[in-house]
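Here's start.txt, which has compact mmCIF, C-alpha atoms:
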# COMPACT_ATOMS: atom_id res chain seq x y z
CA MET A 149 -24.26 -8.72 -14.31
CA ALA A 150 -21.48 -10.09 -16.48
CA ARG A 151 -20.91 -13.80 -16.12
CA ARG A 152 -17.33 -13.57 -14.84
CA SER A 153 -18.37 -10.85 -12.42
CA ARG A 154 -20.96 -13.25 -11.04
CA ALA A 155 -18.29 -15.95 -10.73
CA ARG A 156 -16.02 -13.57 -8.79
CA GLU A 157 -18.94 -12.72 -6.51
CA VAL A 158 -19.44 -16.39 -5.64
CA VAL A 159 -15.69 -16.90 -5.16
CA LEU A 160 -15.69 -13.95 -2.76
CA GLN A 161 -18.49 -15.56 -0.78
CA ALA A 162 -16.53 -18.82 -0.54
CA LEU A 163 -13.34 -16.99 0.48
CA PHE A 164 -15.25 -15.05 3.12
CA GLN A 165 -16.58 -18.31 4.51
CA ALA A 166 -13.10 -19.86 4.57
CA ASP A 167 -11.69 -16.75 6.24
CA LEU A 168 -14.24 -16.75 9.05
CA ASN A 169 -14.33 -20.55 9.37
CA PRO A 170 -10.79 -21.86 8.71
CA GLN A 171 -11.94 -25.41 9.43
CA VAL A 172 -14.28 -25.48 6.43
CA ASN A 173 -13.58 -28.32 4.02
CA PRO A 174 -12.45 -26.95 0.62
CA ALA A 175 -14.60 -29.64 -1.02
CA HIS A 176 -17.67 -27.97 0.51
CA LEU A 177 -16.56 -24.64 -0.93
CA GLU A 178 -16.22 -26.27 -4.35
CA ILE A 179 -19.75 -27.67 -4.07
CA PHE A 180 -20.98 -24.23 -3.00
CA ILE A 181 -19.44 -22.63 -6.09
CA ARG A 182 -20.73 -25.26 -8.50
CA GLU A 183 -24.26 -25.07 -7.09
CA ARG A 184 -24.34 -21.27 -7.11
CA LEU A 185 -22.98 -20.88 -10.63
CA ARG A 186 -24.72 -23.81 -12.33
CA SER A 187 -22.44 -23.41 -15.31
CA THR A 188 -19.46 -25.57 -16.16
CA SER A 189 -17.60 -22.75 -17.87
CA LEU A 190 -18.12 -20.36 -14.95
CA SER A 191 -17.14 -23.03 -12.45
CA GLU A 192 -13.99 -23.69 -14.47
CA PHE A 193 -13.20 -19.98 -14.18
CA ALA A 194 -14.15 -19.67 -10.49
CA LEU A 195 -12.65 -22.80 -8.94
CA PRO A 196 -9.02 -22.03 -9.83
CA LEU A 197 -9.50 -18.54 -8.41
CA MET A 198 -10.78 -19.90 -5.12
CA SER A 199 -8.22 -22.67 -4.80
CA GLY A 200 -5.42 -20.35 -5.90
CA VAL A 201 -6.27 -17.75 -3.27
CA LEU A 202 -6.52 -20.42 -0.57
CA ARG A 203 -3.26 -22.09 -1.63
CA ASN A 204 -1.35 -18.80 -1.91
CA ARG A 205 -2.96 -17.02 1.03
CA PRO A 206 0.26 -16.64 3.09
CA GLU A 207 2.00 -15.00 0.12
CA LEU A 208 -1.01 -12.82 -0.68
CA ASP A 209 -1.35 -11.74 2.95
CA SER A 210 2.33 -10.87 3.13
CA LEU A 211 2.03 -8.73 -0.01
CA LEU A 212 -1.11 -7.08 1.36
CA GLU A 213 0.60 -6.17 4.60
CA LYS A 214 3.45 -4.57 2.65
CA VAL A 215 1.28 -2.51 0.30
CA ALA A 216 -1.45 -1.59 2.82
CA GLU A 217 0.56 0.86 4.85
CA HIS A 218 -0.80 1.39 8.37
CA TRP A 219 -3.37 -1.39 7.93
CA SER A 220 -2.93 -4.82 9.45
CA LEU A 221 -4.97 -7.66 8.00
CA GLU A 222 -6.84 -7.95 11.29
CA ARG A 223 -7.95 -4.30 11.06
CA MET A 224 -9.37 -4.75 7.57
CA ALA A 225 -12.99 -5.71 7.18
CA ALA A 226 -13.21 -9.39 6.25
CA THR A 227 -14.98 -8.52 3.01
CA ASP A 228 -12.30 -6.04 1.97
CA ARG A 229 -9.51 -8.42 2.96
CA ASN A 230 -10.91 -11.18 0.77
CA ILE A 231 -11.61 -8.89 -2.17
CA LEU A 232 -7.98 -7.77 -1.95
CA ARG A 233 -6.71 -11.36 -1.78
CA LEU A 234 -8.75 -12.24 -4.86
CA GLY A 235 -7.54 -9.16 -6.70
CA LEU A 236 -3.88 -9.79 -5.88
CA PHE A 237 -4.19 -13.39 -6.98
CA GLU A 238 -5.72 -12.39 -10.31
CA ILE A 239 -3.04 -9.77 -10.93
CA LEU A 240 -0.24 -12.18 -10.10
CA TYR A 241 -1.46 -15.48 -11.51
CA THR A 242 -3.95 -14.90 -14.31
CA GLU A 243 -3.98 -13.27 -17.71
CA THR A 244 -6.68 -10.78 -16.69
CA PRO A 245 -5.35 -7.24 -17.20
CA GLY A 246 -4.60 -5.46 -13.94
CA ARG A 247 -6.98 -2.58 -14.60
CA VAL A 248 -9.82 -5.03 -15.24
CA VAL A 249 -9.00 -6.82 -11.98
CA ILE A 250 -9.10 -3.53 -10.08
CA ASN A 251 -12.41 -2.54 -11.68
CA GLU A 252 -13.95 -5.91 -10.80
CA ALA A 253 -12.64 -5.69 -7.22
CA VAL A 254 -14.04 -2.17 -6.79
CA GLU A 255 -17.44 -3.36 -8.02
CA LEU A 256 -17.36 -6.22 -5.48
CA ALA A 257 -16.45 -3.72 -2.75
CA LYS A 258 -19.35 -1.46 -3.74
CA ARG A 259 -21.75 -4.37 -3.64
CA PHE A 260 -20.58 -6.17 -0.50
CA GLY A 261 -18.47 -3.70 1.46
CA ALA A 262 -19.00 -0.62 3.57
CA ALA A 263 -19.13 2.95 2.31
CA GLN A 264 -15.33 3.31 2.25
CA SER A 265 -14.60 -0.19 0.90
CA ALA A 266 -14.46 0.72 -2.79
CA PRO A 267 -11.93 3.56 -2.42
CA PHE A 268 -9.89 1.45 0.03
CA VAL A 269 -9.75 -1.55 -2.32
CA ASN A 270 -9.03 0.69 -5.29
CA GLY A 271 -6.15 2.41 -3.51
CA ILE A 272 -4.50 -0.78 -2.28
CA LEU A 273 -4.75 -2.65 -5.59
CA ASP A 274 -3.71 0.41 -7.60
CA ARG A 275 -0.62 0.85 -5.41
CA PHE A 276 0.21 -2.84 -5.78
CA LEU A 277 -0.25 -2.75 -9.57
CA GLU A 278 1.99 0.29 -9.91
CA ASN A 279 4.73 -1.37 -7.86
CA HIS A 280 4.23 -4.71 -9.63
CA ASP A 281 4.45 -3.13 -13.10
CA ARG A 282 7.69 -1.40 -12.16
CA GLY A 283 9.36 -4.39 -10.58

Could you render the structure from this file as structure tokens?
Amino acid sequence: MARRSRAREVVLQALFQADLNPQVNPAHLEIFIRERLRSTSLSEFALPLMSGVLRNRPELDSLLEKVAEHWSLERMAATDRNILRLGLFEILYTETPGRVVINEAVELAKRFGAAQSAPFVNGILDRFLENHDRG
């Protein structure tokens, strides 16, 4: 597995934990990431992703609700919801090309989601990217 893919995987696990346990201390999530990755360079890639998603979660959720027609956040599987948050954050706030972000998100969905997670994540992020590129 590529190193950044592994970092995204660990970030997803931290975001999932924060989603299901909103009282979790972000410092514990940082420790979790550092211990799991055991690499300064990967931690330096992963930590801004995690903190950025957590900091911008209201904005990301609002965007998700707009682009995910007929799907409320509560109806989405927690795994899918957090993969989508991570993907939206990367598209909006990092230099990673949108198509790379979508590919990485789909791979996370295949690994951690249900049978329909990968096509669902792909469709939502693709729709967002198309609208984002136009506007």

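For the pair atom CA of A:Arg275 and atom CA of A:Ala155, the separation is 25.0 Å.
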
query = So which residues touch stretch 225-232 of chain A within 10 Å, counting all atoms listed in the file, skipping near sequence neighbours fewer than 6 positions away, as a ChimeraX atom specification?
reply = /A:156-157,159-168,201,205,208-209,212,238,250,252-257,260-262,264-266,268-270,272-273

query = Which distance in Å separates atom CA of A:Pro170 and atom CA of A:Glu243, to one decimal?
reply = 28.6 Å

request  = Work out how far atom CA of A:Arg151 is from atom CA of A:Arg203, in Å to one decimal.
outcome  =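 One can read the atom CA of A:Arg203 to atom CA of A:Arg151 distance as 24.3 Å.
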
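Distance annotation: of A:Glu183, A:Glu207, A:Glu278, A:Glu222, the residue with the minimal separation from A:Val158 is A:Glu183; atom set is all atoms listed in the file.
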
message = Counting only C-alpha atoms, find residues at most 12 Å from (-4.8, -21.3, -8.8) (file frame) and give them as number ranges by chain.
response = A: 192-205, 234, 236-242

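The closest residue to A:Arg247, picked from A:Asp281, A:Arg154, A:Leu221, A:Ser191 and counting all atoms listed in the file, is A:Asp281.
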
Residues within 10 Å of (-25.6, -15.2, -14.6), counting only C-alpha atoms, listed as an mmCIF file with C-alpha atoms, in the frame of the given file:
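Everything below was put into point-v6.cif:
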data_model
loop_
_atom_site.group_PDB
_atom_site.id
_atom_site.type_symbol
_atom_site.label_atom_id
_atom_site.label_comp_id
_atom_site.auth_asym_id
_atom_site.auth_seq_id
_atom_site.Cartn_x
_atom_site.Cartn_y
_atom_site.Cartn_z
ATOM 1 C CA MET A 149 -24.260 -8.720 -14.310
ATOM 2 C CA ALA A 150 -21.480 -10.090 -16.480
ATOM 3 C CA ARG A 151 -20.910 -13.800 -16.120
ATOM 4 C CA ARG A 152 -17.330 -13.570 -14.840
ATOM 5 C CA SER A 153 -18.370 -10.850 -12.420
ATOM 6 C CA ARG A 154 -20.960 -13.250 -11.040
ATOM 7 C CA ALA A 155 -18.290 -15.950 -10.730
ATOM 8 C CA ARG A 184 -24.340 -21.270 -7.110
ATOM 9 C CA LEU A 185 -22.980 -20.880 -10.630
ATOM 10 C CA ARG A 186 -24.720 -23.810 -12.330
ATOM 11 C CA SER A 187 -22.440 -23.410 -15.310
ATOM 12 C CA LEU A 190 -18.120 -20.360 -14.950
#
